[in-house]
There are 2 protein chains.
Amino acid sequence: MPIIVQKYGGSSVADTEKIKNVAKRVVKTKEKGYQMVVVVSAIGDTTDHLLKMAYEISPSPPERELDMLLATGEQVSISLLSMAIQSLGYGAISLTGPQVGILTDASYTRAKIIDIKSSRILEELKKGNIVIIAGFQGVTVDNDITTLGRGGSDTTAVALAAKLGAEVCEIYTDVEGVFTADPRIVPNARLLPAISYDEMLEMAATGAKVLQLRSVEYGKNYGVKIRVRSSFTESEGTLVMEESEMMEKPVISGVTFDVGEAKITIRDVPDRPGIAAKVFRSLADANINVDMIIQNISEKGLTDISFTVSKGDLKKTKEVIEQVVNELGARTFEADENIAKVSLVGAGMKTHPGVAADMFAALAEKKINIEMISTSSIKISCVIKAERVNEAIQAIHDKFNLAKDKILEER
Amino acid sequence: MPIIVQKYGGSSVADTEKIKNVAKRVVKTKEKGYQMVVVVSAIGDTTDHLLKMAYEISPSPPERELDMLLATGEQVSISLLSMAIQSLGYGAISLTGPQVGILTDASYTRAKIIDIKSSRILEELKKGNIVIIAGFQGVTVDNDITTLGRGGSDTTAVALAAKLGAEVCEIYTDVEGVFTADPRIVPNARLLPAISYDEMLEMAATGAKVLQLRSVEYGKNYGVKIRVRSSFTESEGTLVMEESEMMEKPVISGVTFDVGEAKITIRDVPDRPGIAAKVFRSLADANINVDMIIQNISEKGLTDISFTVSKGDLKKTKEVIEQVVNELGARTFEADENIAKVSLVGAGMKTHPGVAADMFAALAEKKINIEMISTSSIKISCVIKAERVNEAIQAIHDKFNLAKDKILEER
């Protein structure tokens with residue numbers, strides 16, 4: 001029998017009634033003739049509640065203990081879901097990350113999966129059990145509990161689907177799938193029936209919250225078909241797959257945004273080799289992820305370096321850069337939290353010249369100033385002032401007619 | 001350096017402020033030159049909250065999943081306590097029961113400890129860490145999570161103290177120690193500075209809530225000195241130890257009570273060999289613990305059998321006995337939940353005749369009817385109507401002058 005991995009997020013298991021509904025959905029899929037592996041996140045706001053306690057105790061709780069704490073959230077939901085499924089008359093068993101043997105490195109709070117042991121899962125599937133697995137968590141070789149970081153349950157699910165050779169990995173969430181833009185901002189945004197891994201990666205990297213970036217990478221690397229769908233409707237959602245397997249290929253997939261970043265500019269840096277390396281090595285050593293990087297043209301041997309980091313890392317970033325500015329003999333640095341990144345993603349732009357120009361024109365028509373630009377082969381991102389973000393998204397969405405019938409690439 | 005095991009109950013870690021206080025107490029003991037192992041229960045009413053969710057999902061949640069669920073409670077408190085200790089500048093590490101290797105049988109919700117692996121604990125102690133261990137939980141050889149039943153954290157602590165050869169196992173709770181009677185009922189009850197294992201066992205078995213029965217058995221079997229004390233005061237509490245090591249031996253240790261039992265009476269059972277065996281084998285098979293048993297004198301070849309069980313087991317007991325009554329051809333059975341068991345415990349009664357007579361007289365003077373009597377060498381228990389229980393305890397406490405200076409056994 002083929003295996004399906006389903007993953008239910010925190011909003012899908014927000015209370016005991018919702019957990020019972022998830023149980024019914026799981027059983028319905030099982031009845032279609034599948035072996036079922038189900039990955040669950042923590043109930044609703046459990047994680048926030050736990051974090052609140054941790055910060056009441058310590059302003060900087062040790063990360064190993066944070067993981068010990070946070071891992072309980074998923075353990076609660078797997079046991080409750082297993083109870084709910086069993087009360088429908090089906091065999092079920094819950095397993096924590098350590099029990100499965102989801103081996104990770106020891107980077108607490110952001111651990112990476114090294115390997116997954118499948119023996120216990122296969123043994124339980126063989127007994128006819130529906131196997132409920134705690135998302136987001138793993139275990140080091142020293143038997144210490146780790147977590148994969150926020151959204152890590154998606155990664156758990158896709159990694160399991162890869163290991164088990166599942167037919168598909170279904171990610172259930174509170175939205176219907178992947179849209180051409182956030183429907184809360186663009187009311188006429190359209191649900192995408194399919195999207196390629198690469199586009200989904202760019203969408204996730206540029207702010208689409210629907211799938212966690214690493215889970216898409218995992219899916220791409222191991223060829224796991226991922227279906228994003230709502231746990232509250234019967235919609236088929238969006239299938240994330242190989243571009244080559246897609247029947248229709250729209251030029252543009254969607255417009256995304258991210259208001260979670262801040263921009264740092266270092267002024268008057270001596271323009272000599274090794275400077276950029278020095279700046280970004282210092283940030284990397286402090287475990288700070290840098291997103292966009294721009295270095296302006298040098299003038300009189302001095303240059304400006306701008307980059308963006310997540311607002312959550314801003315405090316740490318300032319500390320690091322303060323130091324770096326002194327060491328480099330730069331003049332000063334500035335931090336701007338009042339920014340938004342708006343991105344346009346589409347595999348078709350590889351073969352359609354002029355997409356960037358159209359995007360910039362859409363912004364220009366609304367008199368929205370572009371502060372930074374960064375591109376990849378299938379994405380264009382612009383940093384603008386935060387307060388113009390909704391307007392910008394709608395303008396770009398309109399410019400490319402994304403609400404209308406799909407614009408297909410000539411094949 | 002000698003090892004001390006400390007155990008803090010749910011009320012001692014009821015909120016983050018209390019957890020910080022526990023951290024200070026732990027560190028204070030460490031500063032006296034001890035290696036510290038700390039066992040913690042779940043925060044305040046966590047367990048009740050988790051059980052509520054489980055019963056919302058299923059009227060009879062599968063026990064394996066209940067244990068998976070309940071074990072999260074202690075995991076939360078160990079991580080928070082470890083954070084609190086580390087924020088005081090001391091090394092600390094939290095470990096779950098499975099991480100330590102607290103091996104149990106697979107009797108979910110009431111598992112028994114088979115063995116404890118000490119290697120990880122000793123390794124962490126060697127690093128200078130305070131080791132925080134989740135009480136109440138263990139793991140089977142198949143790597144499934146178990147719990148030891150309510151109060152199981154005491155057992156975890158004493159078992160650890162035995163395994164590690166600790167100097168003493170301190171059980172911190174919300175009362176000052178073991179009293180001659182419950183101070184909420186008998187205001188002039190007196191704190192016992194010491195009590196023997198056997199007396200403590202009888203006290204626990206007959207309703208004193210301060211220490212869990214199995215933990216005392218464990219202490220007795222392995223000669224672990226147990227000190228019961230309050231986490232909110234500096235009182236020395238009560239030391240539970242070998243009778244032979246006690247300096248002073250009071251005749252009577254205390255009066256206890258239990259309103260958590262129900263009485264079942266089977267009427268007109270044919271009085272022939274094997275009947276009692278049949279009744280109590282059926283109950284044992286259903287995993288029901290029977291406390292007192294009385295079989296009245298036979299009349300016309302028919303007899304009555306009465307016994308008490310915990311009220312929590314009453315529903316299951318009725319089902320079993322319904323069946324048994326039919327099989328045995330007994331007339332009928334009755335269940336009475338409106339009972340209390342009052343017990344008098346004291347090692348001195350072994351050598352002091354007349355203790356039982358005095359106890360019965362105390363009840364008779366208050367015109368309290370005795371429905372069942374059961375005795376051991378150091379205990380007398382009487383079942384009476386539940387509504388008379390407070391009166392009965394006070395009367396017996398007064399009769400034996402327990403509030404006054406200790407009555408010592410002649411040596």
# chains A, B, ... in the order shown; residues from 1 in each chain; ligands from 1

$ residues_around --residues "range 82-86 of chain A" --least-positions-apart "3" --cutoff "6 Å" --atoms "only C-alpha atoms" --output "VMD selection string"
(chain A and resid 20 23 79 89 to 94) or (chain B and resid 57 61)

$ closest_atom_pairs --of "chain A" --to "chain B" --cutoff "9 Å" --atoms "only C-alpha atoms" --output "CSV"
residue,atom,partner,partner_atom,distance
A:Asp15,CA,B:Met53,CA,8.6
A:Thr16,CA,B:Ile57,CA,6.2
A:Glu17,CA,B:Ile57,CA,7.7
A:Ile19,CA,B:Ile57,CA,8.1
A:Lys20,CA,B:Ile57,CA,7.0
A:Leu50,CA,B:Val76,CA,8.2
A:Met53,CA,B:Thr16,CA,6.6
A:Ala54,CA,B:Leu80,CA,6.3
A:Glu56,CA,B:Thr16,CA,6.6
A:Ile57,CA,B:Ala84,CA,5.7
A:Ser58,CA,B:Ser87,CA,6.2
A:Pro59,CA,B:Ser87,CA,8.6
A:Ser60,CA,B:Ser87,CA,8.4
A:Pro61,CA,B:Met83,CA,5.8
A:Pro62,CA,B:Met83,CA,6.4
A:Arg64,CA,B:Ile93,CA,8.6
A:Glu65,CA,B:Ser79,CA,5.0
A:Leu66,CA,B:Ser79,CA,7.0
A:Asp67,CA,B:Ser79,CA,8.5
A:Met68,CA,B:Ser79,CA,5.9
A:Leu69,CA,B:Val76,CA,5.1
A:Leu70,CA,B:Val76,CA,8.1
A:Ala71,CA,B:Thr72,CA,8.6
A:Thr72,CA,B:Thr72,CA,5.2
A:Gly73,CA,B:Thr72,CA,7.9
A:Gln75,CA,B:Leu69,CA,6.5
A:Val76,CA,B:Leu69,CA,5.1
A:Ser77,CA,B:Leu69,CA,8.1
A:Ile78,CA,B:Leu69,CA,8.2
A:Ser79,CA,B:Glu65,CA,5.0
A:Leu80,CA,B:Ala54,CA,6.3
A:Leu81,CA,B:Ile57,CA,8.5
A:Ser82,CA,B:Glu65,CA,7.0
A:Met83,CA,B:Pro61,CA,5.8
A:Ala84,CA,B:Ile57,CA,5.7
A:Gln86,CA,B:Pro62,CA,7.8
A:Ser87,CA,B:Ser58,CA,6.2
A:Ile93,CA,B:Glu65,CA,7.7
A:Ser94,CA,B:Glu65,CA,7.1
A:Leu95,CA,B:Asp144,CA,8.4
A:Thr96,CA,B:Met68,CA,8.8
A:Gln99,CA,B:Asn143,CA,6.6
A:Asn143,CA,B:Gln99,CA,6.6
A:Asp144,CA,B:Gln99,CA,7.6

$ atom_distance --atom1 "CA of Ala357 in chain A" --atom2 "CA of Glu199 in chain A"
19.7 Å

$ select_by_dssp --residues "range 257-323 of chain B" --states "alpha helix (DSSP H)" --output "compact mmCIF listing (two decimals) with N, CA and C atoms, in the first residue's frame"
# COMPACT_ATOMS: atom_id res chain seq x y z
N ILE B 275 -14.31 -19.41 47.05
CA ILE B 275 -15.18 -18.30 46.69
C ILE B 275 -14.43 -16.96 46.77
N ALA B 276 -13.76 -16.75 47.90
CA ALA B 276 -13.02 -15.49 48.07
C ALA B 276 -11.95 -15.37 46.98
N ALA B 277 -11.29 -16.49 46.71
CA ALA B 277 -10.26 -16.49 45.67
C ALA B 277 -10.86 -16.03 44.35
N LYS B 278 -12.03 -16.57 44.03
CA LYS B 278 -12.71 -16.23 42.78
C LYS B 278 -13.00 -14.71 42.70
N VAL B 279 -13.55 -14.18 43.80
CA VAL B 279 -13.91 -12.76 43.83
C VAL B 279 -12.68 -11.88 43.61
N PHE B 280 -11.64 -12.16 44.38
CA PHE B 280 -10.51 -11.24 44.37
C PHE B 280 -9.56 -11.47 43.20
N ARG B 281 -9.61 -12.67 42.65
CA ARG B 281 -8.87 -12.90 41.41
C ARG B 281 -9.49 -12.08 40.27
N SER B 282 -10.82 -12.07 40.22
CA SER B 282 -11.50 -11.29 39.17
C SER B 282 -11.14 -9.82 39.27
N LEU B 283 -11.09 -9.31 40.52
CA LEU B 283 -10.75 -7.90 40.71
C LEU B 283 -9.29 -7.64 40.32
N ALA B 284 -8.43 -8.56 40.72
CA ALA B 284 -7.00 -8.40 40.40
C ALA B 284 -6.80 -8.40 38.89
N ASP B 285 -7.53 -9.31 38.21
CA ASP B 285 -7.39 -9.38 36.76
C ASP B 285 -7.81 -8.07 36.10
N LEU B 314 -14.46 2.36 41.32
CA LEU B 314 -15.78 1.82 41.68
C LEU B 314 -16.57 1.34 40.48
N LYS B 315 -16.55 2.14 39.40
CA LYS B 315 -17.34 1.79 38.21
C LYS B 315 -16.89 0.42 37.67
N LYS B 316 -15.57 0.29 37.50
CA LYS B 316 -15.02 -0.97 36.99
C LYS B 316 -15.34 -2.11 37.97
N THR B 317 -15.25 -1.82 39.28
CA THR B 317 -15.50 -2.84 40.29
C THR B 317 -16.92 -3.36 40.19
N LYS B 318 -17.86 -2.43 40.04
CA LYS B 318 -19.26 -2.85 39.93
C LYS B 318 -19.47 -3.78 38.74
N GLU B 319 -18.83 -3.45 37.62
CA GLU B 319 -18.97 -4.31 36.44
C GLU B 319 -18.45 -5.72 36.70
N VAL B 320 -17.27 -5.76 37.36
CA VAL B 320 -16.67 -7.07 37.64
C VAL B 320 -17.55 -7.85 38.61
N ILE B 321 -18.03 -7.16 39.66
CA ILE B 321 -18.76 -7.86 40.71
C ILE B 321 -20.15 -8.30 40.23
N GLU B 322 -20.77 -7.50 39.41
CA GLU B 322 -22.04 -7.88 38.75
C GLU B 322 -21.92 -9.29 38.17
N GLN B 323 -20.90 -9.45 37.38
CA GLN B 323 -20.56 -10.72 36.73
C GLN B 323 -20.33 -11.83 37.76

$ residues_around --residues "Tyr172 in chain A" --least-positions-apart "2" --cutoff "12 Å" --atoms "only C-alpha atoms" --output "number ranges by chain"
A: 5-13, 22, 25-26, 38-41, 153-154, 157, 169-170, 174-178, 210-211, 226-238

$ atom_distance --atom1 "CA of Thr332 in chain B" --atom2 "CA of Thr303 in chain B"
11.7 Å

$ atom_distance --atom1 "CA of Gly128 in chain B" --atom2 "CA of Val168 in chain B"
19.3 Å

$ residues_around --residues "Ala162 in chain A" --least-positions-apart "2" --cutoff "12 Å" --atoms "only C-alpha atoms" --output "PyMOL selection string"
chain A and resi 3-5+115-118+155-160+164-169+215-226

$ select_by_dssp --residues "range 97-192 of chain A" --states "strand (DSSP E or B)" --output "NGL selection string"
:A and (102-104 or 113-116 or 130-134 or 137-139 or 145-147 or 168-173 or 179 or 191)

$ write_last_selection --atoms "C-alpha atoms" --output "CSV table (one decimal), in the first residue's frame"
chain,number,residue,atom,x,y,z
A,102,ILE,CA,14.9,11.9,13.8
A,103,LEU,CA,18.6,12.6,14.2
A,104,THR,CA,19.7,16.2,14.0
A,113,ILE,CA,18.0,16.8,10.2
A,114,ILE,CA,20.9,14.5,9.5
A,115,ASP,CA,19.0,11.2,9.2
A,116,ILE,CA,15.7,9.6,10.0
A,130,ILE,CA,-1.7,5.2,11.7
A,131,VAL,CA,1.6,6.7,12.9
A,132,ILE,CA,1.4,10.1,14.5
A,133,ILE,CA,4.8,11.9,14.7
A,134,ALA,CA,5.7,15.0,16.5
A,137,GLN,CA,11.7,18.1,17.0
A,138,GLY,CA,14.6,15.7,16.8
A,139,VAL,CA,17.4,14.2,18.9
A,145,ILE,CA,16.3,16.9,22.4
A,146,THR,CA,16.5,19.5,19.6
A,147,THR,CA,14.0,21.6,17.6
A,168,VAL,CA,2.7,12.8,-1.6
A,169,CYS,CA,3.3,15.0,1.4
A,170,GLU,CA,0.1,16.9,2.2
A,171,ILE,CA,0.6,20.1,4.3
A,172,TYR,CA,-2.6,21.1,5.9
A,173,THR,CA,-2.9,24.7,7.0
A,179,PHE,CA,-2.0,32.3,-4.0
A,191,LEU,CA,-5.1,30.1,-6.0

$ residues_around --residues "Thr256 in chain A" --least-positions-apart "6" --cutoff "12 Å" --atoms "only C-alpha atoms" --output "PyMOL selection string"
chain A and resi 178-183+185-186+189+199-210+340-346+379-383+389-390+392-394+396-397

$ write_last_selection --atoms "C-alpha atoms" --output "short mmCIF file (atom, residue, chain, number, x, y, z; two decimals), in the first residue's frame"
data_model
loop_
_atom_site.label_atom_id
_atom_site.label_comp_id
_atom_site.auth_asym_id
_atom_site.auth_seq_id
_atom_site.Cartn_x
_atom_site.Cartn_y
_atom_site.Cartn_z
CA VAL A 178 -0.47 29.14 -2.54
CA PHE A 179 -1.98 32.33 -4.00
CA THR A 180 -0.70 34.85 -6.52
CA ALA A 181 -0.59 37.25 -3.55
CA ASP A 182 -1.77 37.32 0.05
CA PRO A 183 -5.61 37.37 -0.31
CA ILE A 185 -4.11 42.29 0.89
CA VAL A 186 -5.11 41.51 -2.68
CA ALA A 189 -5.60 37.00 -5.71
CA GLU A 199 9.28 29.18 -7.55
CA MET A 200 7.98 27.98 -4.22
CA LEU A 201 11.48 28.39 -2.79
CA GLU A 202 11.58 31.98 -3.96
CA MET A 203 8.04 32.58 -2.71
CA ALA A 204 8.95 31.19 0.72
CA ALA A 205 12.27 33.03 0.81
CA THR A 206 10.59 36.32 -0.02
CA GLY A 207 7.84 36.16 2.53
CA ALA A 208 5.07 33.70 1.56
CA LYS A 209 4.31 32.09 4.92
CA VAL A 210 2.47 29.08 3.61
CA ALA A 340 9.24 46.17 3.29
CA LYS A 341 10.50 43.80 0.66
CA VAL A 342 8.16 43.18 -2.28
CA SER A 343 9.03 40.33 -4.61
CA LEU A 344 7.78 38.99 -7.90
CA VAL A 345 8.36 35.28 -8.53
CA GLY A 346 7.96 33.32 -11.72
CA LYS A 379 12.65 36.48 -8.79
CA ILE A 380 12.91 40.25 -8.46
CA SER A 381 12.82 41.85 -5.02
CA CYS A 382 12.52 45.55 -4.21
CA VAL A 383 12.89 47.16 -0.81
CA VAL A 389 3.65 47.80 0.90
CA ASN A 390 -0.06 46.99 0.36
CA ALA A 392 2.83 48.10 -4.08
CA ILE A 393 1.60 44.52 -3.98
CA GLN A 394 -1.76 45.42 -5.52
CA ILE A 396 2.29 44.72 -9.24
CA HIS A 397 -0.48 42.12 -9.08
#

$ closest_residue --among "B:Arg184, B:Lys32, B:Lys350, B:Lys385" --to "Lys263 in chain B" --atoms "only C-alpha atoms"
B:Lys385

$ closest_residue --among "B:Lys399, B:Lys311, B:Lys127, B:Arg388" --to "Val355 in chain B" --atoms "only C-alpha atoms"
B:Lys399

$ residues_around --residues "Ala347 in chain A" --least-positions-apart "6" --cutoff "7 Å" --atoms "only C-alpha atoms" --output "list of chain:residue names"
A:Glu199, A:Val251, A:Ile252, A:Ile378

$ closest_residue --among "A:Ile121, A:Met1, A:Val290, A:Leu363" --to "Asp313 in chain A" --atoms "only C-alpha atoms"
A:Val290

$ decode --residues "range 91-115 of chain B" --atoms "N, CA and C atoms" --output "PDB file, in the first residue's frame"
ATOM      1  N   GLY B  91      25.908  25.788  36.599  1.00  0.00           N
ATOM      2  CA  GLY B  91      25.683  24.841  35.523  1.00  0.00           C
ATOM      3  C   GLY B  91      24.529  23.922  35.876  1.00  0.00           C
ATOM      4  N   ALA B  92      23.667  23.687  34.917  1.00  0.00           N
ATOM      5  CA  ALA B  92      22.526  22.801  35.158  1.00  0.00           C
ATOM      6  C   ALA B  92      22.131  22.160  33.851  1.00  0.00           C
ATOM      7  N   ILE B  93      21.533  20.981  33.942  1.00  0.00           N
ATOM      8  CA  ILE B  93      21.034  20.318  32.741  1.00  0.00           C
ATOM      9  C   ILE B  93      19.786  19.522  33.102  1.00  0.00           C
ATOM     10  N   SER B  94      18.784  19.629  32.257  1.00  0.00           N
ATOM     11  CA  SER B  94      17.553  18.879  32.511  1.00  0.00           C
ATOM     12  C   SER B  94      17.573  17.578  31.716  1.00  0.00           C
ATOM     13  N   LEU B  95      17.017  16.528  32.300  1.00  0.00           N
ATOM     14  CA  LEU B  95      16.942  15.237  31.622  1.00  0.00           C
ATOM     15  C   LEU B  95      15.554  14.636  31.842  1.00  0.00           C
ATOM     16  N   THR B  96      14.956  14.129  30.795  1.00  0.00           N
ATOM     17  CA  THR B  96      13.684  13.418  30.941  1.00  0.00           C
ATOM     18  C   THR B  96      13.956  12.013  31.490  1.00  0.00           C
ATOM     19  N   GLY B  97      12.913  11.343  31.919  1.00  0.00           N
ATOM     20  CA  GLY B  97      13.043   9.958  32.375  1.00  0.00           C
ATOM     21  C   GLY B  97      13.677   9.066  31.312  1.00  0.00           C
ATOM     22  N   PRO B  98      13.173   9.124  30.068  1.00  0.00           N
ATOM     23  CA  PRO B  98      13.814   8.333  29.024  1.00  0.00           C
ATOM     24  C   PRO B  98      15.283   8.706  28.800  1.00  0.00           C
ATOM     25  N   GLN B  99      15.614   9.971  28.894  1.00  0.00           N
ATOM     26  CA  GLN B  99      17.018  10.364  28.689  1.00  0.00           C
ATOM     27  C   GLN B  99      17.927   9.799  29.771  1.00  0.00           C
ATOM     28  N   VAL B 100      17.458   9.814  31.017  1.00  0.00           N
ATOM     29  CA  VAL B 100      18.245   9.228  32.101  1.00  0.00           C
ATOM     30  C   VAL B 100      18.379   7.731  31.875  1.00  0.00           C
ATOM     31  N   GLY B 101      17.283   7.136  31.399  1.00  0.00           N
ATOM     32  CA  GLY B 101      17.197   5.694  31.333  1.00  0.00           C
ATOM     33  C   GLY B 101      16.557   5.153  32.605  1.00  0.00           C
ATOM     34  N   ILE B 102      15.390   5.724  32.942  1.00  0.00           N
ATOM     35  CA  ILE B 102      14.601   5.182  34.058  1.00  0.00           C
ATOM     36  C   ILE B 102      13.717   4.101  33.449  1.00  0.00           C
ATOM     37  N   LEU B 103      14.230   2.881  33.494  1.00  0.00           N
ATOM     38  CA  LEU B 103      13.542   1.782  32.823  1.00  0.00           C
ATOM     39  C   LEU B 103      12.388   1.274  33.670  1.00  0.00           C
ATOM     40  N   THR B 104      11.221   1.148  33.037  1.00  0.00           N
ATOM     41  CA  THR B 104      10.057   0.641  33.754  1.00  0.00           C
ATOM     42  C   THR B 104       9.455  -0.530  32.990  1.00  0.00           C
ATOM     43  N   ASP B 105       8.492  -1.199  33.643  1.00  0.00           N
ATOM     44  CA  ASP B 105       7.686  -2.161  32.891  1.00  0.00           C
ATOM     45  C   ASP B 105       6.723  -1.370  32.003  1.00  0.00           C
ATOM     46  N   ALA B 106       5.868  -2.086  31.263  1.00  0.00           N
ATOM     47  CA  ALA B 106       4.998  -1.399  30.307  1.00  0.00           C
ATOM     48  C   ALA B 106       3.578  -1.220  30.847  1.00  0.00           C
ATOM     49  N   SER B 107       3.422  -1.194  32.187  1.00  0.00           N
ATOM     50  CA  SER B 107       2.093  -0.939  32.755  1.00  0.00           C
ATOM     51  C   SER B 107       1.838   0.556  32.703  1.00  0.00           C
ATOM     52  N   TYR B 108       1.332   1.005  31.565  1.00  0.00           N
ATOM     53  CA  TYR B 108       1.108   2.440  31.384  1.00  0.00           C
ATOM     54  C   TYR B 108       0.226   2.998  32.490  1.00  0.00           C
ATOM     55  N   THR B 109       0.476   4.211  32.854  1.00  0.00           N
ATOM     56  CA  THR B 109      -0.205   5.004  33.896  1.00  0.00           C
ATOM     57  C   THR B 109       0.110   4.513  35.311  1.00  0.00           C
ATOM     58  N   ARG B 110       0.750   3.357  35.468  1.00  0.00           N
ATOM     59  CA  ARG B 110       1.138   2.897  36.788  1.00  0.00           C
ATOM     60  C   ARG B 110       2.382   2.005  36.686  1.00  0.00           C
ATOM     61  N   ALA B 111       3.318   2.453  35.887  1.00  0.00           N
ATOM     62  CA  ALA B 111       4.499   1.634  35.619  1.00  0.00           C
ATOM     63  C   ALA B 111       5.380   1.507  36.861  1.00  0.00           C
ATOM     64  N   LYS B 112       6.122   0.432  36.916  1.00  0.00           N
ATOM     65  CA  LYS B 112       7.062   0.223  38.019  1.00  0.00           C
ATOM     66  C   LYS B 112       8.493   0.317  37.503  1.00  0.00           C
ATOM     67  N   ILE B 113       9.345   0.949  38.306  1.00  0.00           N
ATOM     68  CA  ILE B 113      10.747   1.100  37.914  1.00  0.00           C
ATOM     69  C   ILE B 113      11.457  -0.250  37.998  1.00  0.00           C
ATOM     70  N   ILE B 114      12.149  -0.614  36.920  1.00  0.00           N
ATOM     71  CA  ILE B 114      12.905  -1.861  36.891  1.00  0.00           C
ATOM     72  C   ILE B 114      14.370  -1.568  37.177  1.00  0.00           C
ATOM     73  N   ASP B 115      14.859  -0.495  36.572  1.00  0.00           N
ATOM     74  CA  ASP B 115      16.279  -0.171  36.743  1.00  0.00           C
ATOM     75  C   ASP B 115      16.481   1.298  36.357  1.00  0.00           C
TER      76      ASP B 115
END
